[in-house]
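In what follows, a structure is listed as structure tokens, so that the remarks can point back to it.
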Amino acid sequence: MTAAASIAATLVLAVTPAAYVEAQQRDDGGFGDPQITAWATLGLAASGTDVERLLDAADYLARHEGDATSITDLALSTLARSAAGQRPETAIARLRGQTPGKLLNATIWSILALRQSGEGVPEPLVRSLRTAQHASGGWSWSRGGAPDTNDTAAAIQALRSVGASGRPIDRAIAFLRRHQNRDGGFELTSGRGSDAQSTAWAIQAFVAAGRPPGTAAFRYLAGLRRPDGSYRYSARYATTPLWVTSQVLPALARKPFPLPASG
């Protein structure tokens, strides 16, 4: 390798995943749409990026709060805005007043958003999540559905955020472990194959539960990193790099949700 090629290779490796995400921010403060902006904000907040950049993204989310078509979308936006240092009072009030329903994903993210905002969580939300745990130890997107690792990992973080411990967490961690493959990565459901986002979610859940994620999961993620700092979805696919990389960032920082508030 020539000296010039060596310098070029070093410069490429210096592009961090956070820098990749930062470079995707647009003039309006967003990252393309509210959902992707929320994920990018959370990833950058976990990485310790500049507070002004986070607030620009949070302002974008605030302007688009009325675009949320579901409680899950509202909770995700609220989680991101709160992590960036804002106080979305209207959204918080709406999340506190909701009645738990069939959509467990909405319950999970409402709990995380409320805790990120420093709020207590209504007991019906916590009870609804606890009682929805599947016999396998996992949680599903909606009540009665098949459990998956992503919702299980998020549920672990939600329950840990309200102080839950013991057997429910132990069973959920065991569920995740059964979905770790020989390549070190985690898969969404059995037989689907490892992917970056499921692996990142699992790492966050282990950290939240006070369990070591192990080095294999981080090695798997390292193998998916691309020269521009982004992450492939899996060994086979390199889709939605901004979304994937944004969700990998908190795992790389070993920070579960809720995140420490910025500023």
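Residue numbering restarts at 1 in every chain; chains get A, B, ... in the order shown in the structure tokens, and ligands count up from 1 in that same order.
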Within 10 Å of region 192-201 of chain A using only C-alpha atoms, minus same-chain residues under 5 positions, as JSON, numbers by chain: {"A": [148, 149, 150, 151, 152, 153, 154, 157, 176, 179, 180, 181, 182, 183, 184, 185, 186, 187, 206, 213, 217, 218, 220, 221, 222, 223, 224, 225, 231, 232, 233, 234, 235, 236, 237, 243, 244, 245, 246, 247, 248, 249, 250, 251, 252, 254, 256]}
All strand (DSSP E or B) residues (DSSP, backbone) inside region 134-225 of chain A, as a PyMOL selection string: chain A and resi 139+148+180+186-187+194-195+225
Resulting file, chosen residues, C-alpha atoms, as a PDB file, in the first residue's frame:
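Final output, saved to again.pdb:
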ATOM      1  CA  TRP A 139     -43.227  -9.774  23.994  1.00  0.00           C
ATOM      2  CA  ASP A 148     -39.954 -11.029  18.653  1.00  0.00           C
ATOM      3  CA  GLN A 180     -28.429 -15.178  19.228  1.00  0.00           C
ATOM      4  CA  PHE A 186     -29.367 -11.558  17.099  1.00  0.00           C
ATOM      5  CA  GLU A 187     -32.343 -12.210  14.847  1.00  0.00           C
ATOM      6  CA  SER A 194     -28.977 -11.977  12.315  1.00  0.00           C
ATOM      7  CA  ASP A 195     -29.374  -8.265  11.631  1.00  0.00           C
ATOM      8  CA  ARG A 225     -19.734  -1.295   9.405  1.00  0.00           C
TER       9      ARG A 225
END
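Distances from A:Arg63, A:Lys102, A:Arg94, A:Arg81 to Gly144 (chain A) were compared using only C-alpha atoms, and the smallest one belongs to A:Lys102.
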Alpha helix (DSSP H) per DSSP on the backbone: members of region 93-251 of chain A, as a ChimeraX atom specification: /A:93-96,104-116,123-131,149-161,167-177,196-208,215-224,241-251
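Reported to one decimal place, the separation of CA of Arg96 (chain A) from CA of Pro122 (chain A) is 6.8 Å.
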